[in-house]
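Data file: work.cif. Format and content: mmCIF, C-alpha atoms.
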```cif
data_target
#
loop_
_atom_site.label_atom_id
_atom_site.label_comp_id
_atom_site.auth_asym_id
_atom_site.auth_seq_id
_atom_site.Cartn_x
_atom_site.Cartn_y
_atom_site.Cartn_z
CA MET A 1 0.00 0.00 0.00
CA LYS A 2 2.86 2.34 0.87
CA ASN A 3 4.50 1.71 -2.51
CA ARG A 4 1.18 2.34 -4.26
CA LYS A 5 0.79 5.71 -2.52
CA SER A 6 4.32 6.71 -3.46
CA TRP A 7 3.67 5.70 -7.05
CA LEU A 8 0.46 7.78 -7.18
CA LEU A 9 2.27 10.75 -5.70
CA LEU A 10 5.01 10.57 -8.33
CA CYS A 11 2.42 10.27 -11.09
CA PHE A 12 0.69 13.40 -9.80
CA VAL A 13 3.97 15.33 -9.77
CA ALA A 14 4.91 14.16 -13.25
CA SER A 15 1.48 15.17 -14.59
CA LEU A 16 1.78 18.58 -12.98
CA LEU A 17 5.23 19.10 -14.46
CA TYR A 18 4.05 17.96 -17.87
CA VAL A 19 1.19 20.50 -17.99
CA LEU A 20 3.17 23.43 -16.67
CA GLY A 21 6.28 22.52 -18.62
CA SER A 22 4.47 23.18 -21.89
CA CYS A 23 4.06 26.85 -21.01
CA GLN A 24 6.34 29.40 -22.65
CA LYS A 25 7.97 30.28 -19.32
CA GLY A 26 8.31 27.24 -17.09
CA ASP A 27 8.88 27.40 -13.35
CA LEU A 28 12.29 25.87 -12.85
CA ASN A 29 11.58 25.26 -9.13
CA LEU A 30 8.54 23.18 -9.94
CA GLY A 31 7.68 20.32 -7.59
CA SER A 32 9.42 21.50 -4.42
CA GLU A 33 6.09 22.07 -2.64
CA VAL A 34 4.98 18.48 -3.26
CA ILE A 35 8.18 16.60 -2.55
CA PRO A 36 10.93 18.07 -0.33
CA ASP A 37 13.74 19.90 -2.18
CA ALA A 38 16.24 17.30 -1.08
CA ASN A 39 14.49 14.73 -3.24
CA LEU A 40 14.35 16.84 -6.41
CA SER A 41 16.74 18.86 -8.53
CA VAL A 42 16.27 20.99 -11.62
CA VAL A 43 18.87 20.17 -14.26
CA MET A 44 19.84 22.25 -17.28
CA VAL A 45 21.69 20.51 -20.12
CA ASP A 46 22.80 22.23 -23.33
CA THR A 47 25.53 19.87 -24.51
CA PHE A 48 23.39 17.48 -26.54
CA THR A 49 24.73 16.52 -29.95
CA VAL A 50 22.52 17.91 -32.73
CA LYS A 51 23.34 16.57 -36.18
CA LEU A 52 22.54 18.84 -39.14
CA SER A 53 22.43 17.81 -42.80
CA THR A 54 21.30 19.46 -46.02
CA VAL A 55 18.66 17.63 -48.06
CA ALA A 56 16.67 18.42 -51.22
CA VAL A 57 12.88 18.13 -51.12
CA THR A 58 10.19 18.20 -53.78
CA ASP A 59 8.38 21.34 -54.92
CA THR A 60 6.24 23.57 -52.74
CA ALA A 61 6.00 26.78 -54.80
CA ILE A 62 3.36 27.12 -57.52
CA THR A 63 4.99 30.06 -59.26
CA SER A 64 2.20 30.40 -61.82
CA ALA A 65 0.18 31.92 -58.96
CA ASP A 66 2.69 34.73 -58.45
CA SER A 67 2.04 38.21 -59.82
CA MET A 68 5.65 38.49 -60.92
CA ILE A 69 8.20 36.65 -63.04
CA TYR A 70 11.92 36.43 -62.29
CA ALA A 71 15.15 36.05 -64.24
CA GLY A 72 18.77 35.86 -63.16
CA ARG A 73 21.43 33.71 -61.58
CA TRP A 74 22.93 33.18 -58.13
CA ARG A 75 26.22 31.38 -57.50
CA ASP A 76 28.13 30.41 -54.38
CA ALA A 77 30.82 27.89 -53.55
CA ASN A 78 28.68 25.68 -51.30
CA THR A 79 25.25 25.61 -52.97
CA GLY A 80 26.30 25.89 -56.63
CA VAL A 81 24.30 27.75 -59.25
CA GLN A 82 20.63 28.70 -58.96
CA GLU A 83 19.17 29.99 -62.24
CA PHE A 84 15.77 31.62 -62.68
CA THR A 85 14.03 31.59 -66.07
CA ALA A 86 10.63 33.20 -66.61
CA PHE A 87 7.96 32.06 -69.07
CA ALA A 88 4.87 34.02 -70.15
CA SER A 89 2.18 33.55 -72.81
CA PRO A 90 0.30 36.54 -74.30
CA THR A 91 -3.35 37.59 -74.08
CA PHE A 92 -5.35 38.67 -77.13
CA PRO A 93 -5.98 42.45 -77.16
CA SER A 94 -9.46 43.66 -78.16
CA ASN A 95 -9.07 45.94 -81.17
CA THR A 96 -10.66 47.29 -84.36
CA LEU A 97 -7.57 47.29 -86.55
CA ASN A 98 -9.40 45.29 -89.22
CA THR A 99 -11.70 48.25 -89.89
CA ARG A 100 -8.70 50.37 -90.91
CA ALA A 101 -6.54 47.67 -92.39
CA SER A 102 -5.75 49.48 -95.65
CA SER A 103 -4.56 52.75 -94.08
CA ILE A 104 -2.64 51.92 -90.91
CA VAL A 105 1.13 51.35 -90.93
CA LEU A 106 3.36 49.81 -88.26
CA ASP A 107 6.11 52.12 -86.99
CA SER A 108 7.89 50.13 -84.29
CA THR A 109 7.60 47.26 -81.84
CA VAL A 110 8.69 47.57 -78.23
CA LEU A 111 8.90 44.97 -75.47
CA ILE A 112 8.17 46.69 -72.13
CA LEU A 113 8.96 45.03 -68.82
CA PRO A 114 8.35 47.00 -65.58
CA LEU A 115 11.22 46.32 -63.20
CA SER A 116 9.51 45.63 -59.87
CA TYR A 117 12.22 43.83 -57.94
CA SER A 118 15.98 43.34 -57.82
CA TYR A 119 17.90 41.10 -55.45
CA GLY A 120 21.63 40.86 -55.05
CA ASP A 121 24.43 42.90 -56.57
CA SER A 122 22.16 45.28 -58.46
CA VAL A 123 24.95 47.74 -59.34
CA GLN A 124 26.28 45.19 -61.84
CA THR A 125 25.18 45.33 -65.47
CA PHE A 126 22.34 42.86 -66.03
CA LYS A 127 21.69 41.42 -69.48
CA LEU A 128 18.12 40.29 -70.18
CA SER A 129 17.32 38.16 -73.22
CA ALA A 130 13.88 37.26 -74.59
CA HIS A 131 13.41 33.96 -76.45
CA VAL A 132 10.34 32.78 -78.36
CA MET A 133 8.73 29.70 -76.81
CA THR A 134 7.86 26.74 -79.03
CA THR A 135 4.52 25.96 -77.35
CA PRO A 136 2.20 28.11 -75.20
CA LEU A 137 1.57 27.60 -71.51
CA ALA A 138 -1.69 25.80 -70.72
CA SER A 139 -4.29 27.95 -68.95
CA GLY A 140 -5.48 25.23 -66.56
CA THR A 141 -2.06 23.90 -65.55
CA LEU A 142 -0.27 24.61 -62.26
CA TYR A 143 3.35 25.38 -63.01
CA TYR A 144 5.82 24.69 -60.22
CA ASN A 145 9.22 26.22 -59.59
CA THR A 146 11.57 23.27 -60.11
CA ASN A 147 9.82 20.37 -61.82
CA THR A 148 8.24 22.15 -64.80
CA SER A 149 9.91 23.48 -67.92
CA ALA A 150 8.98 24.86 -71.33
CA ARG A 151 10.93 24.79 -74.58
CA TYR A 152 12.16 27.93 -76.28
CA ALA A 153 14.43 29.03 -79.13
CA THR A 154 18.16 29.16 -78.38
CA GLN A 155 18.65 32.37 -80.36
CA PRO A 156 17.21 35.38 -78.50
CA LEU A 157 14.54 37.50 -80.14
CA ALA A 158 15.87 40.59 -78.36
CA GLU A 159 18.36 41.59 -75.65
CA LYS A 160 18.79 44.52 -73.27
CA SER A 161 21.50 45.45 -70.75
CA PHE A 162 20.72 47.74 -67.81
CA TYR A 163 21.51 48.43 -64.14
CA PRO A 164 18.79 46.96 -61.89
CA GLY A 165 19.76 49.21 -58.99
CA LYS A 166 18.54 52.24 -60.92
CA GLY A 167 14.98 50.92 -61.13
CA GLY A 168 12.80 52.07 -64.00
CA THR A 169 11.22 50.13 -66.85
CA PRO A 170 13.56 48.39 -69.28
CA THR A 171 12.32 48.63 -72.87
CA VAL A 172 13.63 46.46 -75.66
CA ARG A 173 13.10 47.49 -79.26
CA ILE A 174 12.33 44.72 -81.72
CA ARG A 175 12.85 45.05 -85.47
CA LYS A 176 9.56 46.10 -87.02
CA ASP A 177 10.01 43.74 -89.97
CA SER A 178 10.21 40.66 -87.76
CA LEU A 179 7.78 39.59 -85.05
CA GLY A 180 6.01 42.94 -84.75
CA ALA A 181 5.23 43.06 -88.47
CA ILE A 182 3.74 39.57 -88.39
CA LEU A 183 1.59 40.33 -85.34
CA PHE A 184 0.38 43.63 -86.78
CA ASP A 185 -0.51 42.14 -90.16
CA ARG A 186 -2.50 39.26 -88.67
CA LEU A 187 -4.34 41.52 -86.25
CA LYS A 188 -5.40 43.68 -89.21
CA THR A 189 -6.69 40.67 -91.16
CA ARG A 190 -8.34 39.07 -88.10
CA THR A 191 -6.19 36.00 -88.55
CA ILE A 192 -5.40 36.67 -84.90
CA ARG A 193 -8.82 36.95 -83.23
CA ASP A 194 -8.45 35.29 -79.79
CA ASP A 195 -5.88 33.87 -77.37
CA GLU A 196 -5.52 30.62 -79.28
CA THR A 197 -4.83 32.19 -82.68
CA LEU A 198 -2.47 34.73 -81.08
CA GLN A 199 -0.47 31.96 -79.42
CA GLN A 200 -0.21 30.11 -82.72
CA VAL A 201 1.90 33.05 -83.90
CA LEU A 202 3.55 33.88 -80.56
CA PRO A 203 3.32 30.97 -78.06
CA GLY A 204 5.09 33.06 -75.45
CA LEU A 205 8.45 34.42 -74.39
CA ALA A 206 11.14 32.99 -72.12
CA PHE A 207 13.24 35.52 -70.23
CA LYS A 208 16.81 34.72 -69.16
CA GLY A 209 19.27 36.92 -67.30
CA SER A 210 23.03 37.05 -66.85
CA SER A 211 25.43 39.25 -64.91
CA ALA A 212 28.98 39.26 -63.58
CA GLY A 213 27.52 39.29 -60.07
CA ASN A 214 24.67 37.55 -58.27
CA VAL A 215 21.53 39.31 -59.49
CA ILE A 216 17.87 38.30 -59.77
CA VAL A 217 15.28 40.71 -61.19
CA GLY A 218 11.49 40.58 -61.13
CA PHE A 219 8.89 41.99 -63.52
CA GLY A 220 5.20 42.51 -62.88
CA VAL A 221 2.87 40.59 -65.20
CA ASN A 222 -0.48 41.92 -64.10
CA THR A 223 -2.74 43.16 -66.90
CA GLY A 224 -1.17 46.07 -68.74
CA ARG A 225 2.28 45.81 -67.18
CA SER A 226 4.63 43.47 -69.08
CA LEU A 227 3.71 43.71 -72.74
CA ILE A 228 4.59 44.02 -76.41
CA ARG A 229 3.55 47.44 -77.71
CA LEU A 230 2.91 47.99 -81.42
CA TYR A 231 3.20 51.66 -82.46
CA PHE A 232 1.46 52.62 -85.70
CA HIS A 233 -0.11 55.56 -87.54
CA ASP A 234 -3.00 56.08 -89.95
CA ASN A 235 -2.00 57.36 -93.40
CA SER A 236 -5.55 58.48 -94.15
CA SER A 237 -5.53 61.02 -91.33
CA THR A 238 -4.72 64.64 -92.21
CA THR A 239 -2.73 64.82 -88.98
CA VAL A 240 -0.32 61.96 -88.42
CA THR A 241 -0.72 60.79 -84.83
CA SER A 242 1.11 57.93 -83.15
CA GLU A 243 -1.22 55.18 -81.93
CA LYS A 244 -0.53 51.94 -80.13
CA ILE A 245 -1.93 48.52 -79.31
CA ASP A 246 -0.68 46.47 -76.34
CA ILE A 247 -0.34 42.69 -76.15
CA ASP A 248 0.24 41.83 -72.50
CA PHE A 249 1.37 38.61 -70.82
CA SER A 250 -1.46 38.16 -68.34
CA TYR A 251 -2.67 34.89 -69.95
CA LYS A 252 -0.29 32.55 -68.09
CA HIS A 253 3.18 32.79 -66.59
CA TYR A 254 5.57 31.09 -64.19
CA THR A 255 9.22 31.09 -63.12
CA ARG A 256 11.44 28.04 -63.21
CA TYR A 257 14.06 27.61 -60.48
CA GLY A 258 16.97 25.60 -61.90
CA PHE A 259 19.91 24.46 -59.80
CA ASP A 260 23.28 22.87 -60.46
CA TYR A 261 25.32 21.56 -57.52
CA LYS A 262 28.23 20.44 -59.70
CA GLY A 263 31.61 21.07 -58.08
CA THR A 264 30.14 21.52 -54.59
CA PRO A 265 29.58 19.12 -51.67
CA LEU A 266 25.85 19.20 -52.51
CA ALA A 267 26.62 17.38 -55.76
CA ASN A 268 25.94 14.25 -53.70
CA LEU A 269 22.23 15.16 -53.55
CA LYS A 270 21.29 12.83 -56.41
CA ASN A 271 18.45 10.85 -54.84
CA ARG A 272 15.61 11.77 -52.49
CA SER A 273 17.23 9.76 -49.70
CA ASP A 274 20.56 11.60 -49.92
CA ALA A 275 21.69 13.95 -47.16
CA VAL A 276 24.94 15.92 -47.00
CA ASN A 277 26.35 16.14 -43.48
CA SER A 278 27.06 19.72 -42.40
CA SER A 279 30.64 18.69 -41.61
CA LEU A 280 31.17 18.50 -45.40
CA THR A 281 29.79 22.00 -46.06
CA GLY A 282 31.85 24.16 -43.75
CA ASN A 283 29.92 23.05 -40.64
CA VAL A 284 26.68 24.64 -41.87
CA ALA A 285 23.42 23.31 -43.31
CA TYR A 286 21.26 25.20 -45.81
CA ILE A 287 17.68 26.29 -46.39
CA THR A 288 16.46 27.98 -49.59
CA GLN A 289 12.88 29.18 -49.32
CA GLY A 290 12.22 29.34 -53.07
CA GLY A 291 14.25 26.22 -53.79
CA PRO A 292 14.57 22.62 -52.62
CA LEU A 293 17.22 22.84 -49.88
CA ARG A 294 16.12 22.05 -46.33
CA THR A 295 17.90 21.21 -43.07
CA ARG A 296 17.52 17.75 -41.55
CA VAL A 297 17.91 17.62 -37.75
CA GLU A 298 18.78 14.52 -35.72
CA PHE A 299 19.65 13.79 -32.08
CA PRO A 300 21.94 10.76 -32.47
CA TYR A 301 22.73 10.17 -28.78
CA PHE A 302 19.48 11.19 -27.16
CA ASP A 303 18.67 7.52 -26.55
CA ASN A 304 21.13 7.70 -23.66
CA VAL A 305 18.85 10.25 -21.98
CA LEU A 306 15.77 8.13 -22.65
CA MET A 307 17.43 5.17 -20.93
CA SER A 308 17.54 7.17 -17.68
CA ARG A 309 14.08 8.68 -17.97
CA ASP A 310 12.79 6.80 -14.91
CA ALA A 311 14.61 9.40 -12.82
CA ILE A 312 13.18 12.34 -14.79
CA LEU A 313 9.79 13.55 -13.57
CA GLY A 314 9.19 15.94 -16.47
CA VAL A 315 10.69 18.44 -18.86
CA ASN A 316 10.18 21.98 -17.58
CA ARG A 317 11.27 23.54 -20.84
CA ALA A 318 13.05 22.51 -24.03
CA GLU A 319 14.41 24.90 -26.65
CA LEU A 320 16.00 24.17 -30.01
CA ILE A 321 17.99 27.26 -31.02
CA PHE A 322 19.54 28.11 -34.38
CA ASP A 323 21.71 31.16 -35.05
CA PRO A 324 21.82 31.94 -38.79
CA VAL A 325 25.30 32.39 -40.21
CA ARG A 326 25.39 35.82 -41.83
CA THR A 327 28.15 38.10 -43.06
CA ASN A 328 26.33 41.13 -41.69
CA PHE A 329 22.77 42.39 -41.29
CA ARG A 330 22.81 44.03 -44.70
CA ASP A 331 23.82 41.02 -46.73
CA ASN A 332 21.56 39.93 -49.56
CA ALA A 333 20.62 36.54 -48.15
CA LEU A 334 17.80 37.42 -45.79
CA PRO A 335 16.78 34.42 -43.65
CA PRO A 336 13.20 33.14 -44.02
CA ASN A 337 10.79 34.97 -41.74
CA THR A 338 9.37 31.78 -40.17
CA LEU A 339 10.54 28.17 -40.03
CA TYR A 340 8.59 25.05 -38.99
CA LEU A 341 9.42 21.59 -37.62
CA TYR A 342 8.05 18.35 -39.10
CA LYS A 343 9.07 14.75 -38.77
CA THR A 344 10.72 13.20 -41.81
CA ASN A 345 11.63 9.74 -43.08
CA ALA A 346 14.39 7.92 -44.93
CA VAL A 347 13.63 9.73 -48.21
CA ASN A 348 13.38 13.19 -46.60
CA ASP A 349 9.66 13.70 -47.13
CA ILE A 350 8.12 16.57 -45.17
CA LEU A 351 5.53 14.62 -43.18
CA THR A 352 2.88 17.31 -42.87
CA SER A 353 0.60 14.89 -41.01
CA GLN A 354 3.32 14.42 -38.36
CA PRO A 355 4.41 17.87 -37.21
CA ILE A 356 6.43 18.47 -34.07
CA GLU A 357 3.33 19.67 -32.25
CA THR A 358 2.94 22.70 -30.02
CA ILE A 359 0.22 20.80 -28.13
CA THR A 360 -0.41 17.06 -28.32
CA ASN A 361 -2.95 16.08 -31.02
CA SER A 362 -3.24 19.67 -32.26
CA LEU A 363 -1.39 18.94 -35.56
CA THR A 364 -0.05 22.49 -35.26
CA PRO A 365 3.68 22.51 -36.01
CA VAL A 366 6.14 24.22 -33.73
CA SER A 367 7.43 27.35 -35.45
CA ALA A 368 9.99 30.05 -34.82
CA THR A 369 10.22 33.56 -36.21
CA TYR A 370 13.52 35.04 -37.27
CA THR A 371 14.40 37.40 -34.42
CA THR A 372 17.13 39.99 -33.95
CA GLU A 373 18.21 41.38 -30.61
CA SER A 374 20.49 44.40 -30.32
CA SER A 375 22.53 45.76 -27.43
CA ILE A 376 25.28 48.35 -27.14
CA TYR A 377 27.79 45.56 -27.60
CA GLU A 378 26.42 43.38 -30.38
CA THR A 379 23.43 42.31 -32.42
CA LYS A 380 22.25 38.71 -32.25
CA ASP A 381 19.81 36.87 -34.47
CA HIS A 382 18.20 33.50 -33.95
CA TYR A 383 15.31 31.07 -34.38
CA THR A 384 14.17 29.65 -31.02
CA PHE A 385 11.77 26.70 -31.10
CA ASN A 386 9.83 25.75 -27.97
CA VAL A 387 9.89 21.94 -28.21
CA THR A 388 8.85 21.26 -24.61
CA ASN A 389 5.79 19.23 -25.60
CA TYR A 390 7.80 17.05 -28.00
CA PHE A 391 10.45 16.16 -25.42
CA ASN A 392 7.85 15.47 -22.74
CA GLN A 393 6.25 13.08 -25.22
CA LEU A 394 9.64 11.43 -25.78
CA MET A 395 10.28 11.10 -22.05
CA SER A 396 6.88 9.58 -21.43
CA GLY A 397 7.28 7.12 -24.30
CA LYS A 398 4.23 8.51 -26.14
CA THR A 399 6.23 9.23 -29.29
CA GLN A 400 9.35 7.81 -30.87
CA LEU A 401 12.56 9.69 -31.56
CA ALA A 402 12.66 10.53 -35.27
CA PRO A 403 14.60 12.82 -37.61
CA ILE A 404 13.14 16.30 -38.07
CA ILE A 405 13.09 18.55 -41.10
CA LEU A 406 13.42 22.31 -40.72
CA THR A 407 11.49 24.11 -43.44
CA PRO A 408 9.70 27.31 -44.42
CA GLY A 409 5.91 27.08 -44.63
CA VAL A 410 4.52 24.29 -46.80
CA GLY A 411 1.27 23.97 -48.71
CA ALA A 412 0.27 27.61 -49.03
CA GLN A 413 3.44 29.02 -50.61
CA GLN A 414 2.32 30.33 -53.99
CA TYR A 415 5.25 32.52 -54.94
CA LEU A 416 9.01 32.51 -55.22
CA ASN A 417 10.85 33.82 -52.20
CA PHE A 418 14.61 34.27 -52.35
CA SER A 419 15.16 34.08 -48.61
CA ARG A 420 17.89 31.63 -47.71
CA THR A 421 19.94 30.84 -44.67
CA SER A 422 22.80 28.71 -43.43
CA LEU A 423 22.72 27.25 -39.93
CA GLY A 424 25.87 26.40 -37.98
CA ASN A 425 26.32 22.97 -36.45
CA ARG A 426 27.83 22.41 -32.99
CA ASN A 427 31.37 22.71 -34.43
CA TYR A 428 30.85 26.02 -36.20
CA SER A 429 33.07 28.80 -34.83
CA SER A 430 30.30 31.09 -33.60
CA ASP A 431 26.66 30.51 -34.63
CA ARG A 432 26.03 27.03 -33.23
CA VAL A 433 22.85 25.00 -32.94
CA ARG A 434 21.82 24.21 -29.36
CA LEU A 435 19.29 21.94 -27.70
CA VAL A 436 18.65 23.23 -24.18
CA LEU A 437 16.69 21.07 -21.73
CA TYR A 438 15.50 22.04 -18.26
CA TYR A 439 14.04 19.05 -16.46
CA THR A 440 13.16 18.00 -12.93
CA ASN A 441 15.20 15.06 -11.73
CA ARG A 442 14.35 12.72 -8.84
CA ASN A 443 17.43 12.25 -6.71
CA ARG A 444 18.24 8.67 -5.85
#
```
Could you quickly redo this structure as structure tokens?
Amino acid sequence: MKNRKSWLLLCFVASLLYVLGSCQKGDLNLGSEVIPDANLSVVMVDTFTVKLSTVAVTDTAITSADSMIYAGRWRDANTGVQEFTAFASPTFPSNTLNTRASSIVLDSTVLILPLSYSYGDSVQTFKLSAHVMTTPLASGTLYYNTNTSARYATQPLAEKSFYPGKGGTPTVRIRKDSLGAILFDRLKTRTIRDDETLQQVLPGLAFKGSSAGNVIVGFGVNTGRSLIRLYFHDNSSTTVTSEKIDIDFSYKHYTRYGFDYKGTPLANLKNRSDAVNSSLTGNVAYITQGGPLRTRVEFPYFDNVLMSRDAILGVNRAELIFDPVRTNFRDNALPPNTLYLYKTNAVNDILTSQPIETITNSLTPVSATYTTESSIYETKDHYTFNVTNYFNQLMSGKTQLAPIILTPGVGAQQYLNFSRTSLGNRNYSSDRVRLVLYYTNRNR
């Protein structure tokens, strides 16, 4: 009977610790009012081994839902080359050119692209080339960022060099006796009379960019923004006045994110099951929000803690802390605003049905917001995940230890985001990952 009462008392204490330990600010003196202090101690451990690896996951960004298209290239020694190519198909413009077909004359053709975004070394000259696509984009198809591509002519239709940092609207003049002349003639004769007949002549344009530096530019493709403008005049008018007709690219568009890891440690990411240990990439692991790179997190020796869990009454608080590795706070690689924790498997799937939960059975993943903290001495930045519930579940045997994947939001991401970050492992010189556990221990 005495043993049964002691067992019930310990169960009550463990339950109390479990509930209160899931709060954001746990009481590290918890339990002393139930069992004398001599029998309990609060332990803080921050020396756990946390293994980080870089993995490549399948698509999450449906870039055909974005209001912008992007072109350019980004290179670095550890993650290789990321290349962005934009594709857009045109929309038929309502017009009455056929009623004046015999008197109107084409003057010039201009490709207008409103520069809405530049990322990277925007003081470098950026060369934009436009290529004619061989087939149009399909209106009912969802185009993703990395697993969809469209064919286009190797020879560019037109090219333009400019400085993205100066903003403005790049305009590219096209020879009037080439594409513009064909479009104008067929609009006059009503051979082009809808989207389908327009795209038989011009399926669309692919936009590629190149620069000596790392530069990505974005152009708006909402109605009336990115377009081909045909300038013409009417010979029958007593006063010659310049007129125009616009063919915009609001029909369908998307941006392809291409990547080449050749010559880098990430070249080993050939299969879904592959993971590159952070020890091979300068003691950092990578996350690219618009691309496939994610960080895999494992606790290889935590089983040793689980073996002694009979002496642990409950986890008061558990924090998983990452300090992004950055050159400075004005560098171009802004970390993602929010990261989430999900369980993963041998092929690095993001198991959205198995999040690291904030509350048991809530299916709400633990998340952390990128945070900066400044003082008169230094500025620190970090992601701090409250994983108290998860480690209480581990200690109680209600869940099994499994690898975790660290990722930006999944499911609802409908646009390209160029945020990226690198996270130091426990051997990195300064910004190291840490698992910090506060738990109440029963003294023997």
Item to complete: Determine, counting all atoms listed in the file, which protein, DNA and RNA residues have an atom within 10 Å of an atom of range 118-126 of chain A; residues of the same chain fewer than 4 positions away are not included. Present the result as a PyMOL selection string.
Response: chain A and resi 70-74+160-167+209-219+331-333+418
Response to the item:
Using all atoms listed in the file, the best pick from A:Thr288, A:Asp260, A:Ser53, A:Thr241 as closest to Ile405 in chain A would be A:Ser53
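One distance worth recording is that between CA of Ser242 in chain A and CA of Arg100 in chain A, which is 14.6 Å.
Here, the PyMOL selection byres ((chain A and resi 274-282) around 9) matches Lys51, Leu52, Ser53, Thr54, Val55, Ala56, Asn78, Thr264, Pro265, Leu266, Asn268, Leu269, Lys270, Asn271, Arg272, Ser273, Asn283, Val284, Ala285, Tyr286, Arg296, Ala346, Val347, Asn348, Gly424, Asn425, Asn427 and Tyr428 of chain A.
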Worksheet entry | Nearest candidate to Glu319 in chain A (options A:Ala368, A:Ala267, A:Leu111, A:Val387; using all atoms listed in the file) | A:Val387
Practice prompt. Kindly give the distance, in Å, that separates CA of Asn443 in chain A and CA of Thr49 in chain A, rounded to a single decimal.
Written response: 24.7 Å
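Using all atoms listed in the file, the nearest neighbour of Met133 in chain A within the list A:Gln199, A:Thr148, A:Ser226, A:Ser108 is A:Gln199.
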Worksheet item: Smallest atom-to-atom distance to Val105 in chain A: which of A:Tyr231, A:Tyr152, A:Tyr439, A:Phe207, using all atoms listed in the file?
Response: A:Tyr231
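With all atoms listed in the file as the atoms that count, the minimum distance from Thr295 in chain A to the choices A:Val57, A:Met68, A:Ala77, A:Ile228 is reached by A:Val57.
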Worksheet item: Which of these, A:Ala153, A:Ala88, A:Leu230, A:Ile104, has the shortest distance to Ser67 in chain A once you count all atoms listed in the file?
Response: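 Of the candidates, the smallest distance to Ser67 in chain A is held by A:Ala88.
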Discussion item. Selection in question (the file shown): the PyMOL selection byres ((chain A and resi 364) around 10). Which residues does it include, as a ChimeraX atom specification?
Written reply: /A:340-342,352-363,365-367
Hey, could you pull the box centre and edge lengths for range 248-265 of chain A, axis-aligned, 3 Å padding per side, all listed atoms, to one decimal in Å, as lines of an AutoDock Vina configuration file?
```
center_x = 14.5
center_y = 30.5
center_z = -62.1
size_x = 40.3
size_y = 28.7
size_z = 26.8
```
Practice prompt. Quote the spacing between CA of Phe84 in chain A and CA of Leu416 in chain A in Å to one decimal place.
Written response: 10.1 Å
Could you build a table of the residues in range 58-133 of chain A lying no more than 12 Å from range 179-189 of chain A, giving for each the nearest pair of atoms and their separation in Å rounded to one decimal place, using all atoms listed in the file, ordered by chain and ascending residue number, as a tab-separated table?
```
residue	atom	partner	partner_atom	distance
A:Pro90	CA	A:Leu183	CA	11.7
A:Phe92	CA	A:Leu187	CA	9.6
A:Pro93	CA	A:Leu187	CA	9.3
A:Ser94	CA	A:Leu187	CA	9.8
A:Asn95	CA	A:Leu187	CA	8.2
A:Thr96	CA	A:Lys188	CA	8.0
A:Leu97	CA	A:Lys188	CA	5.0
A:Asn98	CA	A:Lys188	CA	4.3
A:Thr99	CA	A:Lys188	CA	7.8
A:Arg100	CA	A:Lys188	CA	7.7
A:Ala101	CA	A:Lys188	CA	5.2
A:Ser102	CA	A:Lys188	CA	8.7
A:Ser103	CA	A:Lys188	CA	10.3
A:Ile104	CA	A:Lys188	CA	8.9
A:Val105	CA	A:Phe184	CA	8.8
A:Leu106	CA	A:Ala181	CA	7.0
A:Asp107	CA	A:Ala181	CA	9.2
A:Ser108	CA	A:Gly180	CA	7.4
A:Thr109	CA	A:Gly180	CA	5.4
A:Val110	CA	A:Gly180	CA	8.4
A:Leu111	CA	A:Gly180	CA	9.9
A:His131	CA	A:Leu179	CA	11.7
A:Val132	CA	A:Leu179	CA	9.9
```
Could those selected residues go to a file with C-alpha atoms, as a PDB file, keeping the file's coordinate frame?
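Written output follows (selection-v2.pdb):
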```pdb
ATOM      1  CA  PRO A  90       0.300  36.540 -74.300  1.00  0.00           C
ATOM      2  CA  PHE A  92      -5.350  38.670 -77.130  1.00  0.00           C
ATOM      3  CA  PRO A  93      -5.980  42.450 -77.160  1.00  0.00           C
ATOM      4  CA  SER A  94      -9.460  43.660 -78.160  1.00  0.00           C
ATOM      5  CA  ASN A  95      -9.070  45.940 -81.170  1.00  0.00           C
ATOM      6  CA  THR A  96     -10.660  47.290 -84.360  1.00  0.00           C
ATOM      7  CA  LEU A  97      -7.570  47.290 -86.550  1.00  0.00           C
ATOM      8  CA  ASN A  98      -9.400  45.290 -89.220  1.00  0.00           C
ATOM      9  CA  THR A  99     -11.700  48.250 -89.890  1.00  0.00           C
ATOM     10  CA  ARG A 100      -8.700  50.370 -90.910  1.00  0.00           C
ATOM     11  CA  ALA A 101      -6.540  47.670 -92.390  1.00  0.00           C
ATOM     12  CA  SER A 102      -5.750  49.480 -95.650  1.00  0.00           C
ATOM     13  CA  SER A 103      -4.560  52.750 -94.080  1.00  0.00           C
ATOM     14  CA  ILE A 104      -2.640  51.920 -90.910  1.00  0.00           C
ATOM     15  CA  VAL A 105       1.130  51.350 -90.930  1.00  0.00           C
ATOM     16  CA  LEU A 106       3.360  49.810 -88.260  1.00  0.00           C
ATOM     17  CA  ASP A 107       6.110  52.120 -86.990  1.00  0.00           C
ATOM     18  CA  SER A 108       7.890  50.130 -84.290  1.00  0.00           C
ATOM     19  CA  THR A 109       7.600  47.260 -81.840  1.00  0.00           C
ATOM     20  CA  VAL A 110       8.690  47.570 -78.230  1.00  0.00           C
ATOM     21  CA  LEU A 111       8.900  44.970 -75.470  1.00  0.00           C
ATOM     22  CA  HIS A 131      13.410  33.960 -76.450  1.00  0.00           C
ATOM     23  CA  VAL A 132      10.340  32.780 -78.360  1.00  0.00           C
TER      24      VAL A 132
END
```
Fill in: Hits of the PyMOL selection byres ((chain A and resi 442) around 9) in this structure, as a list in words
Asn39, Leu40, Ser41, Val42, Asp310, Ala311, Ile312, Leu313, Thr440, Asn441, Asn443 and Arg444 of chain A
